Amino acid sequence: TIVFIGCLSAEGSDRDDLSIGDEDLVAAIAKASSKVIVVASVPGAVLMPWSKDVAAILTNFMPGQEAGNAIADVLFGKVNPSAKLPLTFPNVENETKLTPEQWPGVPDVSQPFYAFYTEKLLVGYRYYDAHGLTFDTGFPFGHGLSYTTFAYSDLSVRKSIHGAGMLVQFKVSNTGRVAGSEVAQLYLAFPSIAGEPPLQLKGFKKTESLKPGETVQVELKLRTRDLSIYDATAHRWTPVAGTFRANVGASSRDIRLRGDFLYEGATSVYV
């Protein structure tokens with residue numbers, strides 16, 4: 001059984017909530033059938049309280065005029081999906097506990113031209129990591145499945161011979177039965193003294209289509225800017241010296257490889 005659901009959005013207004021509006025419909029079909037595929041055409045993050053009760057979810061966001069052919073190609077296996085979520089799908093409404101002061105904003109009579117971002121750096125998946133939130137019916141940033149499986153191995157981090165950054169290398173292998181591509185992601189953990197979120201996405205790369213049993217080496221570069229924090233006083237990006245951790249995986253919550261490396265900083269500050 002294939003169920004198509006969706007909701008609308010517009011430039012002139014915001015959605016009232018993250019509900020699709022078809023929760024009861026999907027739940028009823030899932031109860032009556034053991035194999036349900038949900039195709040979701042949505043403008044962004046939505047709630048999927050029924051996600052554990054269906055066999056698969058194909059999220060195509062806001063597709064173009066060839067959406068029908070593209071969806072059919074994925075559902076019938078002509079194309080092996082490899083996309084990853086570019087945002088977090090929460091478990092419940094307002095899971096990051098935004099206040100009216102943060103959005104849409106409460107005017108401060110004494111400072112009417114200022115906006116206060118009290119969430120600071122904890123936006124999206126950074127909030128989930130910092131507060132230890134787990135996923136029940138939602139999905140983490142960077143999540144995405146395939147008709148095959150992939151294994152990660154041989155992580156190495158060394159100084160780049162081109163510039164002052166670091167070079168991260170690792171291998172990705174297709175361990176499944178069909179050809180497919182993987183989008184490997186690099187999340188960086190700063191030294192604790194920097195006061196940064198637990199993990200930050202610093203790079204990603206989609207592999208070529210790998211045959212079953214095929215392995216490819218992936219290379220991602222960390223620039224000096226990637227190893228820096230913003231100095232609000234100096235109004236510049238300042239490199240951080242210390243022990244970093246490179247986290248490589250299939251999503252922000254599916255880390256496969258970890259490796260520490262020492263970065264000694266840079267002699268100059270990059271704007």
# chains A, B, ... in the order shown; residues from 1 in each chain; ligands from 1
call {"tool": "residues_around", "arguments": {"residues": "range 12-15 of chain A", "least_positions_apart": "2", "cutoff": "12 Å", "atoms": "only C-alpha atoms", "output": "list in words"}}
result
Cys7, Leu8, Ser9, Ala10, Asp17, Leu18, Ser19, Ile20, Gly21, Val42, Pro43, Gly44, Ala45, Val46, Trp103 and Pro104 of chain A
call {"tool": "write_last_selection", "arguments": {"atoms": "N, CA, C and O atoms", "output": "CSV table (one decimal), in the first residue's frame"}}
result
chain,number,residue,atom,x,y,z
A,7,CYS,N,1.7,18.7,2.7
A,7,CYS,CA,1.2,19.9,3.2
A,7,CYS,C,1.8,21.1,2.5
A,7,CYS,O,2.8,20.9,1.7
A,8,LEU,N,1.2,22.3,2.6
A,8,LEU,CA,1.6,23.4,1.9
A,8,LEU,C,2.3,24.5,2.7
A,8,LEU,O,2.2,24.5,3.9
A,9,SER,N,3.0,25.3,2.0
A,9,SER,CA,3.7,26.5,2.7
A,9,SER,C,3.7,27.6,1.7
A,9,SER,O,3.5,27.4,0.5
A,10,ALA,N,3.9,28.8,2.2
A,10,ALA,CA,3.9,30.0,1.3
A,10,ALA,C,4.9,31.0,1.8
A,10,ALA,O,5.3,31.0,3.0
A,17,ASP,N,1.8,25.0,12.4
A,17,ASP,CA,2.5,23.9,13.2
A,17,ASP,C,3.2,23.0,12.3
A,17,ASP,O,3.3,23.2,11.0
A,18,LEU,N,3.8,21.9,12.8
A,18,LEU,CA,4.5,21.0,11.9
A,18,LEU,C,3.7,19.7,11.6
A,18,LEU,O,4.3,18.8,11.1
A,19,SER,N,2.4,19.8,11.8
A,19,SER,CA,1.6,18.7,11.5
A,19,SER,C,1.3,18.6,10.0
A,19,SER,O,1.1,19.7,9.3
A,20,ILE,N,1.2,17.4,9.4
A,20,ILE,CA,0.9,17.3,8.0
A,20,ILE,C,-0.7,17.3,7.9
A,20,ILE,O,-1.2,17.7,6.9
A,21,GLY,N,-1.4,16.8,8.9
A,21,GLY,CA,-2.8,16.8,8.9
A,21,GLY,C,-3.4,15.5,8.5
A,21,GLY,O,-4.6,15.3,8.5
A,42,VAL,N,6.6,17.6,1.3
A,42,VAL,CA,6.5,18.6,2.4
A,42,VAL,C,7.4,19.7,2.2
A,42,VAL,O,8.5,19.6,1.5
A,43,PRO,N,7.1,20.9,2.7
A,43,PRO,CA,8.0,22.1,2.5
A,43,PRO,C,9.2,22.1,3.5
A,43,PRO,O,10.1,23.0,3.4
A,44,GLY,N,9.2,21.2,4.5
A,44,GLY,CA,10.3,21.2,5.5
A,44,GLY,C,10.1,20.2,6.5
A,44,GLY,O,9.5,19.1,6.2
A,45,ALA,N,10.5,20.4,7.7
A,45,ALA,CA,10.4,19.5,8.8
A,45,ALA,C,8.9,19.3,9.1
A,45,ALA,O,8.1,20.2,9.1
A,46,VAL,N,8.5,18.0,9.4
A,46,VAL,CA,7.1,17.7,9.8
A,46,VAL,C,7.1,16.6,10.9
A,46,VAL,O,8.2,16.0,11.1
A,103,TRP,N,11.2,33.7,18.6
A,103,TRP,CA,10.4,33.7,17.4
A,103,TRP,C,8.9,33.8,17.7
A,103,TRP,O,8.5,33.0,18.5
A,104,PRO,N,8.2,34.7,17.1
A,104,PRO,CA,8.6,35.7,16.0
A,104,PRO,C,9.4,36.9,16.6
A,104,PRO,O,9.8,37.7,15.8
call {"tool": "closest_residue", "arguments": {"among": "A:Asp136, A:Gly165, A:Gly142, A:Arg245", "to": "Leu188 in chain A", "atoms": "only C-alpha atoms"}}
result
A:Arg245
call {"tool": "select_by_dssp", "arguments": {"residues": "range 63-153 of chain A", "states": "strand (DSSP E or B)", "output": "list of chain:residue names"}}
result
A:Phe89, A:Phe139, A:Phe150, A:Ala151, A:Tyr152, A:Ser153
call {"tool": "write_last_selection", "arguments": {"atoms": "all heavy atoms", "output": "PDB file, in the first residue's frame"}}
result
ATOM      1  N   PHE A  89      14.013  16.237  11.702  1.00  0.00           N
ATOM      2  CA  PHE A  89      12.580  15.991  11.837  1.00  0.00           C
ATOM      3  C   PHE A  89      12.315  15.678  13.313  1.00  0.00           C
ATOM      4  O   PHE A  89      12.697  14.614  13.798  1.00  0.00           O
ATOM      5  CB  PHE A  89      12.145  14.799  10.974  1.00  0.00           C
ATOM      6  CG  PHE A  89      11.820  15.172   9.548  1.00  0.00           C
ATOM      7  CD1 PHE A  89      12.510  16.174   8.896  1.00  0.00           C
ATOM      8  CD2 PHE A  89      10.828  14.500   8.849  1.00  0.00           C
ATOM      9  CE1 PHE A  89      12.220  16.518   7.586  1.00  0.00           C
ATOM     10  CE2 PHE A  89      10.520  14.833   7.525  1.00  0.00           C
ATOM     11  CZ  PHE A  89      11.219  15.851   6.898  1.00  0.00           C
ATOM     12  N   PHE A 139      13.497  12.019  12.984  1.00  0.00           N
ATOM     13  CA  PHE A 139      14.716  11.565  12.310  1.00  0.00           C
ATOM     14  C   PHE A 139      15.809  12.622  12.421  1.00  0.00           C
ATOM     15  O   PHE A 139      15.538  13.825  12.302  1.00  0.00           O
ATOM     16  CB  PHE A 139      14.430  11.265  10.833  1.00  0.00           C
ATOM     17  CG  PHE A 139      13.417  10.173  10.636  1.00  0.00           C
ATOM     18  CD1 PHE A 139      12.076  10.475  10.454  1.00  0.00           C
ATOM     19  CD2 PHE A 139      13.805   8.837  10.661  1.00  0.00           C
ATOM     20  CE1 PHE A 139      11.134   9.475  10.287  1.00  0.00           C
ATOM     21  CE2 PHE A 139      12.862   7.830  10.508  1.00  0.00           C
ATOM     22  CZ  PHE A 139      11.529   8.145  10.314  1.00  0.00           C
ATOM     23  N   PHE A 150      26.428   0.236   3.763  1.00  0.00           N
ATOM     24  CA  PHE A 150      27.797   0.710   3.606  1.00  0.00           C
ATOM     25  C   PHE A 150      28.585   0.557   4.903  1.00  0.00           C
ATOM     26  O   PHE A 150      28.027   0.696   5.997  1.00  0.00           O
ATOM     27  CB  PHE A 150      27.815   2.181   3.182  1.00  0.00           C
ATOM     28  CG  PHE A 150      27.143   2.439   1.861  1.00  0.00           C
ATOM     29  CD1 PHE A 150      25.807   2.822   1.806  1.00  0.00           C
ATOM     30  CD2 PHE A 150      27.842   2.291   0.669  1.00  0.00           C
ATOM     31  CE1 PHE A 150      25.172   3.058   0.593  1.00  0.00           C
ATOM     32  CE2 PHE A 150      27.211   2.516  -0.550  1.00  0.00           C
ATOM     33  CZ  PHE A 150      25.879   2.905  -0.585  1.00  0.00           C
ATOM     34  N   ALA A 151      29.863   0.279   4.753  1.00  0.00           N
ATOM     35  CA  ALA A 151      30.761   0.182   5.899  1.00  0.00           C
ATOM     36  C   ALA A 151      31.859   1.240   5.753  1.00  0.00           C
ATOM     37  O   ALA A 151      32.292   1.547   4.636  1.00  0.00           O
ATOM     38  CB  ALA A 151      31.385  -1.210   5.989  1.00  0.00           C
ATOM     39  N   TYR A 152      32.296   1.785   6.888  1.00  0.00           N
ATOM     40  CA  TYR A 152      33.349   2.798   6.918  1.00  0.00           C
ATOM     41  C   TYR A 152      34.585   2.211   7.597  1.00  0.00           C
ATOM     42  O   TYR A 152      34.469   1.448   8.556  1.00  0.00           O
ATOM     43  CB  TYR A 152      32.888   4.019   7.705  1.00  0.00           C
ATOM     44  CG  TYR A 152      31.792   4.848   7.064  1.00  0.00           C
ATOM     45  CD1 TYR A 152      30.504   4.337   6.880  1.00  0.00           C
ATOM     46  CD2 TYR A 152      32.033   6.155   6.679  1.00  0.00           C
ATOM     47  CE1 TYR A 152      29.495   5.100   6.318  1.00  0.00           C
ATOM     48  CE2 TYR A 152      31.028   6.942   6.106  1.00  0.00           C
ATOM     49  CZ  TYR A 152      29.766   6.400   5.938  1.00  0.00           C
ATOM     50  OH  TYR A 152      28.761   7.168   5.382  1.00  0.00           O
ATOM     51  N   SER A 153      35.766   2.611   7.121  1.00  0.00           N
ATOM     52  CA  SER A 153      36.993   2.084   7.720  1.00  0.00           C
ATOM     53  C   SER A 153      38.185   2.993   7.433  1.00  0.00           C
ATOM     54  O   SER A 153      38.101   3.921   6.625  1.00  0.00           O
ATOM     55  CB  SER A 153      37.290   0.671   7.171  1.00  0.00           C
ATOM     56  OG  SER A 153      37.505   0.724   5.763  1.00  0.00           O
TER      57      SER A 153
END
call {"tool": "atom_distance", "arguments": {"atom1": "CA of Ala250 in chain A", "atom2": "CA of Leu145 in chain A"}}
result
9.1 Å
call {"tool": "residues_around", "arguments": {"residues": "range 64-76 of chain A", "least_positions_apart": "4", "cutoff": "9 Å", "atoms": "only C-alpha atoms", "output": "count of residues only"}}
result
6
call {"tool": "closest_residue", "arguments": {"among": "A:Val123, A:Ala115, A:Leu25, A:Ala30", "to": "Leu98 in chain A", "atoms": "only C-alpha atoms"}}
result
A:Val123
call {"tool": "closest_residue", "arguments": {"among": "A:Glu196, A:Gln185, A:Tyr114, A:Pro86", "to": "Asp129 in chain A", "atoms": "only C-alpha atoms"}}
result
A:Glu196
call {"tool": "atom_distance", "arguments": {"atom1": "CA of Thr137 in chain A", "atom2": "CA of Ala56 in chain A"}}
result
12.8 Å
call {"tool": "residues_around", "arguments": {"residues": "Thr88 in chain A", "least_positions_apart": "2", "cutoff": "7 Å", "atoms": "only C-alpha atoms", "output": "list of chain:residue names"}}
result
A:Ala45, A:Pro90, A:Gly124, A:Tyr125, A:Phe139, A:Pro140, A:Phe141
call {"tool": "write_last_selection", "arguments": {"atoms": "C-alpha atoms", "output": "mmCIF file, in the first residue's frame"}}
result
data_model
loop_
_atom_site.group_PDB
_atom_site.id
_atom_site.type_symbol
_atom_site.label_atom_id
_atom_site.label_comp_id
_atom_site.auth_asym_id
_atom_site.auth_seq_id
_atom_site.Cartn_x
_atom_site.Cartn_y
_atom_site.Cartn_z
ATOM 1 C CA ALA A 45 10.354 19.469 8.794
ATOM 2 C CA PRO A 90 11.472 16.405 15.486
ATOM 3 C CA GLY A 124 18.956 22.378 14.843
ATOM 4 C CA TYR A 125 20.915 19.180 15.446
ATOM 5 C CA PHE A 139 14.716 11.565 12.310
ATOM 6 C CA PRO A 140 18.138 13.150 12.850
ATOM 7 C CA PHE A 141 19.942 15.612 10.629
#
call {"tool": "closest_residue", "arguments": {"among": "A:Gly132, A:Gly138, A:Gly105, A:Pro239", "to": "Lys52 in chain A", "atoms": "only C-alpha atoms"}}
result
A:Gly138
call {"tool": "residues_around", "arguments": {"residues": "Asp24 in chain A", "least_positions_apart": "4", "cutoff": "10 Å", "atoms": "only C-alpha atoms", "output": "list in words"}}
result
Ala28, Ile29, Ala30, Pro49 and Trp50 of chain A
call {"tool": "write_last_selection", "arguments": {"atoms": "all heavy atoms", "output": "PDB file, in the first residue's frame"}}
result
ATOM      1  N   ALA A  28      -4.465   4.707  10.451  1.00  0.00           N
ATOM      2  CA  ALA A  28      -5.519   3.730  10.164  1.00  0.00           C
ATOM      3  C   ALA A  28      -5.086   2.760   9.077  1.00  0.00           C
ATOM      4  O   ALA A  28      -5.327   1.548   9.176  1.00  0.00           O
ATOM      5  CB  ALA A  28      -6.797   4.462   9.741  1.00  0.00           C
ATOM      6  N   ILE A  29      -4.429   3.262   8.035  1.00  0.00           N
ATOM      7  CA  ILE A  29      -3.960   2.385   6.954  1.00  0.00           C
ATOM      8  C   ILE A  29      -2.862   1.456   7.460  1.00  0.00           C
ATOM      9  O   ILE A  29      -2.818   0.272   7.119  1.00  0.00           O
ATOM     10  CB  ILE A  29      -3.458   3.230   5.771  1.00  0.00           C
ATOM     11  CG1 ILE A  29      -4.619   4.034   5.173  1.00  0.00           C
ATOM     12  CG2 ILE A  29      -2.817   2.345   4.707  1.00  0.00           C
ATOM     13  CD1 ILE A  29      -4.199   4.989   4.078  1.00  0.00           C
ATOM     14  N   ALA A  30      -1.962   2.002   8.296  1.00  0.00           N
ATOM     15  CA  ALA A  30      -0.881   1.184   8.842  1.00  0.00           C
ATOM     16  C   ALA A  30      -1.424   0.065   9.729  1.00  0.00           C
ATOM     17  O   ALA A  30      -0.852  -1.028   9.795  1.00  0.00           O
ATOM     18  CB  ALA A  30       0.081   2.063   9.638  1.00  0.00           C
ATOM     19  N   PRO A  49       4.246  10.937  13.648  1.00  0.00           N
ATOM     20  CA  PRO A  49       4.010  10.086  14.821  1.00  0.00           C
ATOM     21  C   PRO A  49       3.790   8.618  14.475  1.00  0.00           C
ATOM     22  O   PRO A  49       3.915   7.750  15.340  1.00  0.00           O
ATOM     23  CB  PRO A  49       2.752  10.706  15.447  1.00  0.00           C
ATOM     24  CG  PRO A  49       2.072  11.424  14.326  1.00  0.00           C
ATOM     25  CD  PRO A  49       3.190  11.942  13.474  1.00  0.00           C
ATOM     26  N   TRP A  50       3.511   8.334  13.198  1.00  0.00           N
ATOM     27  CA  TRP A  50       3.243   6.972  12.735  1.00  0.00           C
ATOM     28  C   TRP A  50       4.485   6.322  12.112  1.00  0.00           C
ATOM     29  O   TRP A  50       4.392   5.234  11.540  1.00  0.00           O
ATOM     30  CB  TRP A  50       2.139   7.013  11.681  1.00  0.00           C
ATOM     31  CG  TRP A  50       2.211   8.244  10.817  1.00  0.00           C
ATOM     32  CD1 TRP A  50       1.453   9.374  10.920  1.00  0.00           C
ATOM     33  CD2 TRP A  50       3.141   8.495   9.738  1.00  0.00           C
ATOM     34  NE1 TRP A  50       1.839  10.305   9.975  1.00  0.00           N
ATOM     35  CE2 TRP A  50       2.870   9.790   9.240  1.00  0.00           C
ATOM     36  CE3 TRP A  50       4.164   7.749   9.140  1.00  0.00           C
ATOM     37  CZ2 TRP A  50       3.587  10.351   8.192  1.00  0.00           C
ATOM     38  CZ3 TRP A  50       4.889   8.312   8.099  1.00  0.00           C
ATOM     39  CH2 TRP A  50       4.602   9.600   7.635  1.00  0.00           C
TER      40      TRP A  50
END
call {"tool": "residues_around", "arguments": {"residues": "Ala184 in chain A", "least_positions_apart": "2", "cutoff": "8 Å", "atoms": "only C-alpha atoms", "output": "ChimeraX atom specification"}}
result
/A:182,186,204-207,248-251
call {"tool": "atom_distance", "arguments": {"atom1": "CA of Glu93 in chain A", "atom2": "CA of Asp22 in chain A"}}
result
15.7 Å
call {"tool": "residues_around", "arguments": {"residues": "Glu264 in chain A", "least_positions_apart": "3", "cutoff": "9 Å", "atoms": "only C-alpha atoms", "output": "number ranges by chain"}}
result
A: 239-243
call {"tool": "write_last_selection", "arguments": {"atoms": "C-alpha atoms", "output": "PDB file, in the first residue's frame"}}
result
ATOM      1  CA  PRO A 239      41.835  29.429  14.873  1.00  0.00           C
ATOM      2  CA  VAL A 240      41.590  27.178  17.949  1.00  0.00           C
ATOM      3  CA  ALA A 241      44.608  25.199  19.124  1.00  0.00           C
ATOM      4  CA  GLY A 242      44.120  21.886  20.886  1.00  0.00           C
ATOM      5  CA  THR A 243      42.830  18.346  20.470  1.00  0.00           C
TER       6      THR A 243
END
call {"tool": "select_by_dssp", "arguments": {"residues": "range 74-256 of chain A", "states": "alpha helix (DSSP H)", "output": "PyMOL selection string"}}
result
chain A and resi 74-75+125-130
call {"tool": "write_last_selection", "arguments": {"atoms": "N, CA and C atoms", "output": "mmCIF file, in the first residue's frame"}}
result
data_model
loop_
_atom_site.group_PDB
_atom_site.id
_atom_site.type_symbol
_atom_site.label_atom_id
_atom_site.label_comp_id
_atom_site.auth_asym_id
_atom_site.auth_seq_id
_atom_site.Cartn_x
_atom_site.Cartn_y
_atom_site.Cartn_z
ATOM 1 N N VAL A 74 12.317 5.387 -7.817
ATOM 2 C CA VAL A 74 12.844 5.001 -6.506
ATOM 3 C C VAL A 74 12.039 3.847 -5.912
ATOM 4 N N LEU A 75 10.723 3.931 -5.979
ATOM 5 C CA LEU A 75 9.874 2.900 -5.373
ATOM 6 C C LEU A 75 10.059 1.539 -6.027
ATOM 7 N N TYR A 125 20.343 20.391 14.850
ATOM 8 C CA TYR A 125 20.915 19.180 15.446
ATOM 9 C C TYR A 125 21.860 19.497 16.594
ATOM 10 N N ARG A 126 22.426 20.708 16.624
ATOM 11 C CA ARG A 126 23.334 21.090 17.709
ATOM 12 C C ARG A 126 22.583 21.123 19.045
ATOM 13 N N TYR A 127 21.323 21.570 19.007
ATOM 14 C CA TYR A 127 20.501 21.572 20.221
ATOM 15 C C TYR A 127 20.242 20.137 20.681
ATOM 16 N N TYR A 128 19.887 19.280 19.741
ATOM 17 C CA TYR A 128 19.600 17.885 20.086
ATOM 18 C C TYR A 128 20.812 17.202 20.715
ATOM 19 N N ASP A 129 21.995 17.458 20.164
ATOM 20 C CA ASP A 129 23.207 16.852 20.706
ATOM 21 C C ASP A 129 23.545 17.414 22.086
ATOM 22 N N ALA A 130 23.449 18.732 22.232
ATOM 23 C CA ALA A 130 23.814 19.372 23.489
ATOM 24 C C ALA A 130 22.892 18.958 24.634
#
